[in-house]
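Take a look at the structure set out below.
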Amino acid sequence: MVTRKSRAEIERMRRAGRLVGEVLDLLASELRPGVSTARLDALAEDHIRAGGGTPSFKGYPGINPQRPFPASVCISIDNEIVHGIPGERTIHAGQIVSIDAGAIVDGWHGDAARTFYVGDPPARVAELIDLTREAMLAGIAAAVPGNHIEDISAAVEAVAARVGLGVIRQFVGHGIGTAMHEEPQVPNYRTGRPGRKLEAGLCLAIEPMFTLGGYDTRILPDDWTVVTADGSMAAHFEHSIAVTDDGPQILTVA
């Protein structure tokens, strides 16, 4: 079901979004060689709970009902696209690290992601990361009343097409509100269909996922971690936003 949010509800969502932005800022400051992904996850959970929120990922159901997501953030490394599970593995120099965080505050969700490189990235990797972020911002800029979902999708895909990056198709952006995943879906590629017309009060999570190779994926035996089928490196950026008469508003900033 697609629901438009009132101004008051958007402000409540902003509280959850601000907390998510703070978590990503915190983990960015702690991301260095030798830190364990479990340590980053613990810092994130502590910050979310101290801010009056609940980690929205922890316990979230997946493809296997017996294995809900066990952590508070997703940490995906190198060819892992999304849903990497934090654990005892440590971060090393020369790695791409994507961190996805979500929080619930008073029943409202915030969801955002950023990709980092530990050290000085090779030129092609730097381009991958920079253009994935640029594509997210292009998609956000297209989220204005009167446009359609396809306008967001086209804006995102156009950035990848400039230099031949792969655009993940199996996982897409989404509506967000009192549930983390609401309608409508927001593909990162042109579908040939206009999709829902954008109206003030519609809240979306816009999240391009690009690769240095193709768009095919596979899921690891942990039932969560999504990797590129060809082993190519991946990047992921995401913001939760509100469509308003004054233009798109990013909700997931500290």
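FYI, nothing fancy with the structure tokens labels: chains A, B, ... in order, residues from 1 per chain, ligands from 1 as they appear.
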Considering only C-alpha atoms, give me a table of residues in stretch 12-98 of chain A that are at most 10 Å from stretch 233-245 of chain A, with the closest atom pair and distance in Å for each, as CSV.
residue,atom,partner,partner_atom,distance
A:Met13,CA,A:Ser240,CA,9.2
A:Arg14,CA,A:Ile241,CA,9.1
A:Gly17,CA,A:Ser240,CA,7.2
A:Val20,CA,A:His239,CA,9.7
A:Gly21,CA,A:His239,CA,9.1
A:Ser76,CA,A:Ala235,CA,9.0
A:Ile77,CA,A:Ala234,CA,8.4
A:Asp78,CA,A:Met233,CA,5.2
A:Asn79,CA,A:Met233,CA,4.3
A:Glu80,CA,A:Ala234,CA,6.5
A:Ile81,CA,A:Ala234,CA,5.5
A:Val82,CA,A:His236,CA,7.6
A:Gln95,CA,A:Met233,CA,9.6
A:Ile96,CA,A:Ala235,CA,7.7
A:Val97,CA,A:Ala235,CA,8.1
A:Ser98,CA,A:His236,CA,6.3
| Selection near stretch 251-253 of chain A, 12 Å with only C-alpha atoms, sequence-local residues under 2 positions removed, as a VMD selection string | chain A and resid 9 to 25 100 to 103 108 to 114 140 176 to 177 203 to 206 237 to 244 248 to 249
Produce a file of the selected residues containing C-alpha atoms, as a PDB file, in the first residue's frame.
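Final output, saved to part.pdb:
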ATOM      1  CA  GLU A   9       4.662  12.558   9.938  1.00  0.00           C
ATOM      2  CA  ILE A  10       7.593  13.555   7.744  1.00  0.00           C
ATOM      3  CA  GLU A  11       9.090  15.417  10.693  1.00  0.00           C
ATOM      4  CA  ARG A  12       8.742  12.263  12.789  1.00  0.00           C
ATOM      5  CA  MET A  13      10.494  10.309  10.057  1.00  0.00           C
ATOM      6  CA  ARG A  14      13.238  12.923  10.090  1.00  0.00           C
ATOM      7  CA  ARG A  15      14.039  11.977  13.704  1.00  0.00           C
ATOM      8  CA  ALA A  16      14.685   8.382  12.651  1.00  0.00           C
ATOM      9  CA  GLY A  17      16.603   9.566   9.601  1.00  0.00           C
ATOM     10  CA  ARG A  18      18.797  11.890  11.637  1.00  0.00           C
ATOM     11  CA  LEU A  19      19.728   8.985  13.910  1.00  0.00           C
ATOM     12  CA  VAL A  20      20.695   6.879  10.892  1.00  0.00           C
ATOM     13  CA  GLY A  21      22.830   9.726   9.557  1.00  0.00           C
ATOM     14  CA  GLU A  22      24.590   9.976  12.900  1.00  0.00           C
ATOM     15  CA  VAL A  23      25.311   6.245  12.861  1.00  0.00           C
ATOM     16  CA  LEU A  24      26.888   6.437   9.420  1.00  0.00           C
ATOM     17  CA  ASP A  25      28.995   9.427  10.472  1.00  0.00           C
ATOM     18  CA  ASP A 100      23.709   0.197   5.398  1.00  0.00           C
ATOM     19  CA  ALA A 101      21.919   1.371   8.556  1.00  0.00           C
ATOM     20  CA  GLY A 102      18.297   1.572   9.633  1.00  0.00           C
ATOM     21  CA  ALA A 103      16.504   2.812  12.734  1.00  0.00           C
ATOM     22  CA  TRP A 108       8.845   5.528  11.867  1.00  0.00           C
ATOM     23  CA  HIS A 109      11.790   4.274   9.813  1.00  0.00           C
ATOM     24  CA  GLY A 110      14.987   5.791   8.481  1.00  0.00           C
ATOM     25  CA  ASP A 111      17.236   3.887   6.050  1.00  0.00           C
ATOM     26  CA  ALA A 112      20.518   4.978   4.445  1.00  0.00           C
ATOM     27  CA  ALA A 113      23.802   3.593   3.132  1.00  0.00           C
ATOM     28  CA  ARG A 114      27.270   4.781   2.146  1.00  0.00           C
ATOM     29  CA  ILE A 140      16.809  12.401  -5.548  1.00  0.00           C
ATOM     30  CA  ILE A 176       9.402   3.922   3.450  1.00  0.00           C
ATOM     31  CA  GLY A 177       7.356   5.021   6.461  1.00  0.00           C
ATOM     32  CA  CYS A 203       8.570   9.061   1.065  1.00  0.00           C
ATOM     33  CA  LEU A 204      11.136   6.936  -0.742  1.00  0.00           C
ATOM     34  CA  ALA A 205      14.471   5.234  -0.156  1.00  0.00           C
ATOM     35  CA  ILE A 206      16.561   5.843  -3.271  1.00  0.00           C
ATOM     36  CA  PHE A 237      24.494   4.590  -1.597  1.00  0.00           C
ATOM     37  CA  GLU A 238      21.071   5.341  -0.128  1.00  0.00           C
ATOM     38  CA  HIS A 239      19.048   8.167   1.389  1.00  0.00           C
ATOM     39  CA  SER A 240      15.476   8.240   2.621  1.00  0.00           C
ATOM     40  CA  ILE A 241      13.734  11.274   1.180  1.00  0.00           C
ATOM     41  CA  ALA A 242      10.361  13.040   1.195  1.00  0.00           C
ATOM     42  CA  VAL A 243       8.788  14.393  -1.970  1.00  0.00           C
ATOM     43  CA  THR A 244       7.508  17.897  -1.168  1.00  0.00           C
ATOM     44  CA  PRO A 248      12.913  16.613  -2.384  1.00  0.00           C
ATOM     45  CA  GLN A 249      14.019  16.668   1.239  1.00  0.00           C
TER      46      GLN A 249
END
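Closest approach to A:Gly94 from the set A:Gly51, A:Arg32, A:Ala8, A:Leu40 is made by A:Arg32, with distances taken over only C-alpha atoms.
The shortest atom-to-atom distance to A:Gly175, with only C-alpha atoms taken into account, belongs to A:Gly201 out of A:Gly53, A:Gly192, A:Gly201, A:Pro221.
Residues in contact with A:Gly195 at 7 Å, where only C-alpha atoms are counted and same-chain residues fewer than 5 positions away are skipped, are listed as His148, Ile149 and Glu150 of chain A.
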Kindly save the residues from that selection, with N, CA and C atoms included, as a compact mmCIF listing (two decimals), in the first residue's frame.
# COMPACT_ATOMS: atom_id res chain seq x y z
N HIS A 148 7.46 10.87 -12.40
CA HIS A 148 7.07 9.49 -12.11
C HIS A 148 8.29 8.73 -11.60
N ILE A 149 8.04 7.54 -11.07
CA ILE A 149 9.14 6.68 -10.61
C ILE A 149 10.16 6.48 -11.72
N GLU A 150 9.69 6.33 -12.95
CA GLU A 150 10.62 6.10 -14.07
C GLU A 150 11.59 7.25 -14.25
